[in-house]
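Colleague: Take a look at input_23.cif, mmCIF, C-alpha atoms:
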data_final
loop_
_atom_site.group_PDB
_atom_site.id
_atom_site.type_symbol
_atom_site.label_atom_id
_atom_site.label_comp_id
_atom_site.auth_asym_id
_atom_site.auth_seq_id
_atom_site.Cartn_x
_atom_site.Cartn_y
_atom_site.Cartn_z
ATOM 1 C CA MET A 1 -17.824 -92.679 63.208
ATOM 2 C CA GLU A 2 -17.922 -89.038 62.193
ATOM 3 C CA VAL A 3 -15.512 -86.949 64.280
ATOM 4 C CA THR A 4 -14.660 -83.256 64.058
ATOM 5 C CA ILE A 5 -11.751 -81.719 65.938
ATOM 6 C CA TYR A 6 -11.274 -77.979 66.322
ATOM 7 C CA HIS A 7 -7.526 -78.151 66.292
ATOM 8 C CA ASN A 8 -4.426 -76.072 66.929
ATOM 9 C CA PRO A 9 -1.347 -78.023 65.793
ATOM 10 C CA GLN A 10 0.823 -75.970 68.180
ATOM 11 C CA CYS A 11 -1.119 -77.252 71.223
ATOM 12 C CA SER A 12 0.074 -80.482 72.874
ATOM 13 C CA ASN A 13 -3.443 -81.332 74.118
ATOM 14 C CA SER A 14 -4.819 -80.876 70.618
ATOM 15 C CA ARG A 15 -2.076 -83.003 69.066
ATOM 16 C CA LYS A 16 -2.649 -85.744 71.666
ATOM 17 C CA ALA A 17 -6.403 -85.825 71.037
ATOM 18 C CA LEU A 18 -5.820 -86.050 67.282
ATOM 19 C CA GLU A 19 -3.288 -88.846 67.795
ATOM 20 C CA LEU A 20 -5.759 -90.836 69.916
ATOM 21 C CA ILE A 21 -8.566 -90.368 67.384
ATOM 22 C CA ARG A 22 -6.324 -91.618 64.576
ATOM 23 C CA ALA A 23 -5.109 -94.526 66.742
ATOM 24 C CA ARG A 24 -8.720 -95.731 66.705
ATOM 25 C CA GLY A 25 -8.604 -95.809 62.898
ATOM 26 C CA ILE A 26 -10.693 -92.664 62.539
ATOM 27 C CA GLU A 27 -9.673 -89.840 60.230
ATOM 28 C CA PRO A 28 -11.508 -86.827 61.631
ATOM 29 C CA THR A 29 -12.565 -83.632 59.971
ATOM 30 C CA ILE A 30 -9.896 -81.203 61.166
ATOM 31 C CA ILE A 31 -10.826 -77.557 61.573
ATOM 32 C CA GLU A 32 -7.711 -75.469 62.174
ATOM 33 C CA TYR A 33 -9.634 -72.634 63.770
ATOM 34 C CA LEU A 34 -6.640 -70.271 63.786
ATOM 35 C CA LYS A 35 -6.654 -70.426 59.964
ATOM 36 C CA THR A 36 -10.432 -70.603 59.650
ATOM 37 C CA PRO A 37 -11.950 -68.778 62.648
ATOM 38 C CA LEU A 38 -15.362 -69.857 63.836
ATOM 39 C CA SER A 39 -18.258 -67.425 63.771
ATOM 40 C CA PRO A 40 -19.829 -66.274 67.039
ATOM 41 C CA GLN A 41 -22.885 -68.354 66.108
ATOM 42 C CA LYS A 42 -20.817 -71.524 65.580
ATOM 43 C CA LEU A 43 -18.980 -70.924 68.856
ATOM 44 C CA ARG A 44 -22.312 -70.442 70.662
ATOM 45 C CA HIS A 45 -23.549 -73.729 69.179
ATOM 46 C CA LEU A 46 -20.437 -75.632 70.325
ATOM 47 C CA VAL A 47 -20.597 -74.134 73.818
ATOM 48 C CA ALA A 48 -24.277 -75.099 74.096
ATOM 49 C CA GLN A 49 -23.441 -78.670 73.031
ATOM 50 C CA MET A 50 -20.772 -78.848 75.746
ATOM 51 C CA HIS A 51 -23.167 -77.561 78.446
ATOM 52 C CA MET A 52 -20.538 -75.246 79.886
ATOM 53 C CA PRO A 53 -20.227 -71.499 80.423
ATOM 54 C CA VAL A 54 -18.724 -69.501 77.552
ATOM 55 C CA ARG A 55 -15.956 -68.245 79.829
ATOM 56 C CA ASP A 56 -14.810 -71.854 80.404
ATOM 57 C CA VAL A 57 -13.996 -72.085 76.691
ATOM 58 C CA MET A 58 -11.786 -68.957 76.872
ATOM 59 C CA ARG A 59 -8.028 -69.014 77.311
ATOM 60 C CA THR A 60 -7.944 -66.391 80.039
ATOM 61 C CA ASN A 61 -4.147 -66.633 80.312
ATOM 62 C CA GLU A 62 -3.636 -65.342 76.747
ATOM 63 C CA PRO A 63 -2.284 -61.764 76.628
ATOM 64 C CA ALA A 64 -5.166 -60.808 74.301
ATOM 65 C CA TYR A 65 -7.650 -61.622 77.073
ATOM 66 C CA ALA A 66 -6.193 -58.938 79.350
ATOM 67 C CA GLU A 67 -5.544 -56.501 76.502
ATOM 68 C CA LEU A 68 -9.198 -56.711 75.447
ATOM 69 C CA LYS A 69 -10.352 -56.301 79.078
ATOM 70 C CA LEU A 70 -12.642 -59.327 78.937
ATOM 71 C CA ASP A 71 -13.112 -59.810 82.682
ATOM 72 C CA GLY A 72 -16.777 -59.347 83.510
ATOM 73 C CA VAL A 73 -18.077 -58.889 79.945
ATOM 74 C CA ASP A 74 -21.181 -60.727 78.716
ATOM 75 C CA ASP A 75 -21.269 -63.932 76.678
ATOM 76 C CA ASP A 76 -22.030 -62.168 73.395
ATOM 77 C CA THR A 77 -18.877 -60.082 73.780
ATOM 78 C CA LEU A 78 -16.797 -63.142 74.674
ATOM 79 C CA LEU A 79 -18.065 -65.026 71.619
ATOM 80 C CA ALA A 80 -17.420 -62.052 69.340
ATOM 81 C CA GLU A 81 -13.878 -61.683 70.678
ATOM 82 C CA MET A 82 -13.169 -65.426 70.313
ATOM 83 C CA ALA A 83 -14.320 -65.171 66.698
ATOM 84 C CA ALA A 84 -12.138 -62.103 66.102
ATOM 85 C CA HIS A 85 -9.168 -63.481 68.092
ATOM 86 C CA PRO A 86 -9.348 -67.285 67.750
ATOM 87 C CA ILE A 87 -6.236 -67.755 69.906
ATOM 88 C CA LEU A 88 -8.616 -67.075 72.819
ATOM 89 C CA MET A 89 -10.486 -70.349 72.212
ATOM 90 C CA ASN A 90 -9.518 -73.208 74.481
ATOM 91 C CA ARG A 91 -8.702 -76.408 72.631
ATOM 92 C CA PRO A 92 -9.210 -78.949 71.385
ATOM 93 C CA ILE A 93 -12.946 -79.222 71.040
ATOM 94 C CA VAL A 94 -14.049 -82.568 69.641
ATOM 95 C CA SER A 95 -17.514 -83.465 68.326
ATOM 96 C CA THR A 96 -18.696 -87.034 67.750
ATOM 97 C CA PRO A 97 -22.114 -88.705 67.739
ATOM 98 C CA LYS A 98 -21.541 -89.242 71.489
ATOM 99 C CA GLY A 99 -21.283 -85.499 72.180
ATOM 100 C CA THR A 100 -19.041 -82.469 72.107
ATOM 101 C CA LYS A 101 -16.322 -81.849 74.649
ATOM 102 C CA LEU A 102 -13.356 -79.646 75.437
ATOM 103 C CA CYS A 103 -10.661 -82.327 75.532
ATOM 104 C CA ARG A 104 -8.134 -81.083 78.065
ATOM 105 C CA PRO A 105 -6.112 -83.136 78.658
ATOM 106 C CA GLY A 106 -6.102 -84.763 75.239
ATOM 107 C CA GLU A 107 -6.874 -88.197 76.711
ATOM 108 C CA THR A 108 -10.406 -87.080 77.582
ATOM 109 C CA VAL A 109 -11.269 -87.619 73.912
ATOM 110 C CA GLU A 110 -11.461 -91.362 74.676
ATOM 111 C CA GLY A 111 -14.916 -90.886 76.215
ATOM 112 C CA LEU A 112 -16.227 -89.545 72.907
ATOM 113 C CA LEU A 113 -14.924 -92.386 70.748
#
Take the structure in this file and express it as structure tokens.
Modeller:
Amino acid sequence: MEVTIYHNPQCSNSRKALELIRARGIEPTIIEYLKTPLSPQKLRHLVAQMHMPVRDVMRTNEPAYAELKLDGVDDDTLLAEMAAHPILMNRPIVSTPKGTKLCRPGETVEGLL
């Protein structure tokens, strides 16, 4: 099974999802998005696959969210700011042939495996 995880090794939910994927004998493609930020287009694609609002993929509790005054801005602005400030992206996002999902808590990855 082909699995991709958009991963932040500092995040407990992200580490848990990765652990559960590997426990199934799967070595996923790991995208450390803080090192390799996603483009606004790639973010838009992932959000569309998850069938959720862009704002639900934002970490609104991050200081950068308030500093950038992102309350009430449109989706294009949110995507551009997530690309420019990847810490704003909620994680982990996992893609498998069964779908793409924001896996919070990490155990929710089980439904994709």
Colleague: Spell out the residues picked by the PyMOL selection byres ((chain A and resi 18) around 9) here, as JSON, numbers by chain.
Modeller: {"A": [5, 7, 13, 14, 15, 16, 17, 19, 20, 21, 22, 23, 27, 28, 30, 92, 106, 109]}
Colleague: Taking only C-alpha atoms into account, name the residue in A:Asp75, A:Glu81, A:Glu110, A:Glu2 that is nearest to Met52 (chain A).
Modeller: A:Asp75
Colleague: Report the distance between CA of Ala84 (chain A) and CA of Thr108 (chain A) in Å, rounded to one decimal place.
Modeller: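 Pair CA of Ala84 (chain A) / CA of Thr108 (chain A) returns 27.5 Å.
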Colleague: Show me, as an NGL selection string, the residues that have an atom within 10 Å of Val47 (chain A) when counting all atoms listed in the file, minus same-chain residues fewer than 2 positions from it.
Modeller: :A and (41-45 or 49-57 or 79 or 93 or 100-102)
Colleague: Quick one: pull the distance between CA of Val3 (chain A) and CA of Leu112 (chain A), Å, one decimal.
Modeller: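 So the answer is 9.0 Å.
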Colleague: Might you spell out which residues the PyMOL selection byres ((chain A and resi 38) around 10) would select in the displayed file, as a VMD selection string?
Modeller: chain A and resid 6 31 to 37 39 to 44 79 to 80 82 to 86 89
Colleague: Using all atoms listed in the file, which of the listed residues (A:Asp74, A:Leu46, A:Thr4, A:Arg59) sits closest to Ser95 (chain A)?
Modeller: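 That would be A:Thr4, the residue with the smallest distance to Ser95 (chain A).
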Colleague: Would you compute the distance between CA of Cys11 (chain A) and CA of Arg91 (chain A)? Give it in Å to one decimal.
Modeller: 7.8 Å
Colleague: Return as lines of an AutoDock Vina configuration file the box centre and box size in Å, one decimal, for an axis-aligned box around all listed atoms of region 82-91 of chain A padded by 6 Å per side.
Modeller:
center_x = -10.3
center_y = -69.3
center_z = 70.3
size_x = 20.1
size_y = 26.3
size_z = 20.4
Colleague: Using all atoms listed in the file, pick whichever of A:Asn8, A:Ala48, A:Met58, A:Gly25 has the shortest atom-to-atom distance to Gly99 (chain A).
Modeller: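 Comparing A:Asn8, A:Ala48, A:Met58, A:Gly25 against Gly99 (chain A), the winner is A:Ala48.
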Colleague: Nearest to Met1 (chain A): which of A:Thr29, A:Asn90, A:Thr60, A:Thr77 is it, counting all atoms listed in the file?
Modeller: A:Thr29
Colleague: Output region 45-78 of chain A with N, CA and C atoms present, as a PDB file, keeping the file's coordinate frame.
Modeller:
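Saved result, out13.pdb, follows:
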ATOM      1  N   HIS A  45     -23.016 -72.382  69.375  1.00  0.00           N
ATOM      2  CA  HIS A  45     -23.549 -73.729  69.179  1.00  0.00           C
ATOM      3  C   HIS A  45     -22.665 -74.774  69.873  1.00  0.00           C
ATOM      4  N   LEU A  46     -21.354 -74.684  69.685  1.00  0.00           N
ATOM      5  CA  LEU A  46     -20.437 -75.632  70.325  1.00  0.00           C
ATOM      6  C   LEU A  46     -20.507 -75.544  71.847  1.00  0.00           C
ATOM      7  N   VAL A  47     -20.528 -74.330  72.362  1.00  0.00           N
ATOM      8  CA  VAL A  47     -20.597 -74.134  73.818  1.00  0.00           C
ATOM      9  C   VAL A  47     -21.892 -74.740  74.365  1.00  0.00           C
ATOM     10  N   ALA A  48     -22.997 -74.534  73.658  1.00  0.00           N
ATOM     11  CA  ALA A  48     -24.277 -75.099  74.096  1.00  0.00           C
ATOM     12  C   ALA A  48     -24.210 -76.625  74.095  1.00  0.00           C
ATOM     13  N   GLN A  49     -23.570 -77.211  73.082  1.00  0.00           N
ATOM     14  CA  GLN A  49     -23.441 -78.670  73.031  1.00  0.00           C
ATOM     15  C   GLN A  49     -22.602 -79.204  74.185  1.00  0.00           C
ATOM     16  N   MET A  50     -21.645 -78.399  74.656  1.00  0.00           N
ATOM     17  CA  MET A  50     -20.772 -78.848  75.746  1.00  0.00           C
ATOM     18  C   MET A  50     -21.386 -78.598  77.120  1.00  0.00           C
ATOM     19  N   HIS A  51     -22.491 -77.856  77.179  1.00  0.00           N
ATOM     20  CA  HIS A  51     -23.167 -77.561  78.446  1.00  0.00           C
ATOM     21  C   HIS A  51     -22.203 -76.930  79.455  1.00  0.00           C
ATOM     22  N   MET A  52     -21.464 -75.931  78.991  1.00  0.00           N
ATOM     23  CA  MET A  52     -20.538 -75.246  79.886  1.00  0.00           C
ATOM     24  C   MET A  52     -20.629 -73.751  79.639  1.00  0.00           C
ATOM     25  N   PRO A  53     -20.216 -72.950  80.613  1.00  0.00           N
ATOM     26  CA  PRO A  53     -20.227 -71.499  80.423  1.00  0.00           C
ATOM     27  C   PRO A  53     -19.243 -71.074  79.331  1.00  0.00           C
ATOM     28  N   VAL A  54     -19.588 -70.016  78.618  1.00  0.00           N
ATOM     29  CA  VAL A  54     -18.724 -69.501  77.552  1.00  0.00           C
ATOM     30  C   VAL A  54     -17.329 -69.220  78.092  1.00  0.00           C
ATOM     31  N   ARG A  55     -17.254 -68.623  79.264  1.00  0.00           N
ATOM     32  CA  ARG A  55     -15.956 -68.245  79.829  1.00  0.00           C
ATOM     33  C   ARG A  55     -15.042 -69.464  80.019  1.00  0.00           C
ATOM     34  N   ASP A  56     -15.622 -70.647  80.232  1.00  0.00           N
ATOM     35  CA  ASP A  56     -14.810 -71.854  80.404  1.00  0.00           C
ATOM     36  C   ASP A  56     -14.152 -72.302  79.097  1.00  0.00           C
ATOM     37  N   VAL A  57     -14.579 -71.745  77.989  1.00  0.00           N
ATOM     38  CA  VAL A  57     -13.996 -72.085  76.691  1.00  0.00           C
ATOM     39  C   VAL A  57     -12.946 -71.033  76.292  1.00  0.00           C
ATOM     40  N   MET A  58     -12.759 -70.031  77.138  1.00  0.00           N
ATOM     41  CA  MET A  58     -11.786 -68.957  76.872  1.00  0.00           C
ATOM     42  C   MET A  58     -10.436 -69.305  77.477  1.00  0.00           C
ATOM     43  N   ARG A  59      -9.390 -68.914  76.776  1.00  0.00           N
ATOM     44  CA  ARG A  59      -8.028 -69.014  77.311  1.00  0.00           C
ATOM     45  C   ARG A  59      -7.742 -67.683  78.015  1.00  0.00           C
ATOM     46  N   THR A  60      -8.062 -67.641  79.278  1.00  0.00           N
ATOM     47  CA  THR A  60      -7.944 -66.391  80.039  1.00  0.00           C
ATOM     48  C   THR A  60      -6.496 -66.004  80.311  1.00  0.00           C
ATOM     49  N   ASN A  61      -5.565 -66.936  80.084  1.00  0.00           N
ATOM     50  CA  ASN A  61      -4.147 -66.633  80.312  1.00  0.00           C
ATOM     51  C   ASN A  61      -3.476 -66.045  79.068  1.00  0.00           C
ATOM     52  N   GLU A  62      -4.198 -65.951  77.961  1.00  0.00           N
ATOM     53  CA  GLU A  62      -3.636 -65.342  76.747  1.00  0.00           C
ATOM     54  C   GLU A  62      -3.523 -63.828  76.949  1.00  0.00           C
ATOM     55  N   PRO A  63      -2.426 -63.221  76.504  1.00  0.00           N
ATOM     56  CA  PRO A  63      -2.284 -61.764  76.628  1.00  0.00           C
ATOM     57  C   PRO A  63      -3.461 -60.997  76.029  1.00  0.00           C
ATOM     58  N   ALA A  64      -4.032 -61.496  74.937  1.00  0.00           N
ATOM     59  CA  ALA A  64      -5.166 -60.808  74.301  1.00  0.00           C
ATOM     60  C   ALA A  64      -6.359 -60.693  75.246  1.00  0.00           C
ATOM     61  N   TYR A  65      -6.538 -61.655  76.130  1.00  0.00           N
ATOM     62  CA  TYR A  65      -7.650 -61.622  77.073  1.00  0.00           C
ATOM     63  C   TYR A  65      -7.568 -60.373  77.951  1.00  0.00           C
ATOM     64  N   ALA A  66      -6.384 -60.126  78.498  1.00  0.00           N
ATOM     65  CA  ALA A  66      -6.193 -58.938  79.350  1.00  0.00           C
ATOM     66  C   ALA A  66      -6.228 -57.660  78.522  1.00  0.00           C
ATOM     67  N   GLU A  67      -5.585 -57.695  77.358  1.00  0.00           N
ATOM     68  CA  GLU A  67      -5.544 -56.501  76.502  1.00  0.00           C
ATOM     69  C   GLU A  67      -6.944 -56.055  76.093  1.00  0.00           C
ATOM     70  N   LEU A  68      -7.828 -57.021  75.867  1.00  0.00           N
ATOM     71  CA  LEU A  68      -9.198 -56.711  75.447  1.00  0.00           C
ATOM     72  C   LEU A  68     -10.127 -56.447  76.635  1.00  0.00           C
ATOM     73  N   LYS A  69      -9.585 -56.563  77.845  1.00  0.00           N
ATOM     74  CA  LYS A  69     -10.352 -56.301  79.078  1.00  0.00           C
ATOM     75  C   LYS A  69     -11.652 -57.118  79.109  1.00  0.00           C
ATOM     76  N   LEU A  70     -11.492 -58.441  79.039  1.00  0.00           N
ATOM     77  CA  LEU A  70     -12.642 -59.327  78.937  1.00  0.00           C
ATOM     78  C   LEU A  70     -13.200 -59.807  80.275  1.00  0.00           C
ATOM     79  N   ASP A  71     -12.550 -59.462  81.373  1.00  0.00           N
ATOM     80  CA  ASP A  71     -13.112 -59.810  82.682  1.00  0.00           C
ATOM     81  C   ASP A  71     -14.463 -59.127  82.847  1.00  0.00           C
ATOM     82  N   GLY A  72     -15.478 -59.915  83.193  1.00  0.00           N
ATOM     83  CA  GLY A  72     -16.777 -59.347  83.510  1.00  0.00           C
ATOM     84  C   GLY A  72     -17.664 -58.991  82.323  1.00  0.00           C
ATOM     85  N   VAL A  73     -17.222 -59.204  81.089  1.00  0.00           N
ATOM     86  CA  VAL A  73     -18.077 -58.889  79.945  1.00  0.00           C
ATOM     87  C   VAL A  73     -19.076 -60.022  79.705  1.00  0.00           C
ATOM     88  N   ASP A  74     -20.128 -59.736  78.945  1.00  0.00           N
ATOM     89  CA  ASP A  74     -21.181 -60.727  78.716  1.00  0.00           C
ATOM     90  C   ASP A  74     -20.764 -61.779  77.682  1.00  0.00           C
ATOM     91  N   ASP A  75     -21.572 -62.819  77.578  1.00  0.00           N
ATOM     92  CA  ASP A  75     -21.269 -63.932  76.678  1.00  0.00           C
ATOM     93  C   ASP A  75     -21.184 -63.507  75.214  1.00  0.00           C
ATOM     94  N   ASP A  76     -22.065 -62.614  74.790  1.00  0.00           N
ATOM     95  CA  ASP A  76     -22.030 -62.168  73.395  1.00  0.00           C
ATOM     96  C   ASP A  76     -20.694 -61.512  73.063  1.00  0.00           C
ATOM     97  N   THR A  77     -20.171 -60.725  73.989  1.00  0.00           N
ATOM     98  CA  THR A  77     -18.877 -60.082  73.780  1.00  0.00           C
ATOM     99  C   THR A  77     -17.764 -61.126  73.748  1.00  0.00           C
ATOM    100  N   LEU A  78     -17.814 -62.081  74.658  1.00  0.00           N
ATOM    101  CA  LEU A  78     -16.797 -63.142  74.674  1.00  0.00           C
ATOM    102  C   LEU A  78     -16.795 -63.919  73.357  1.00  0.00           C
TER     103      LEU A  78
END
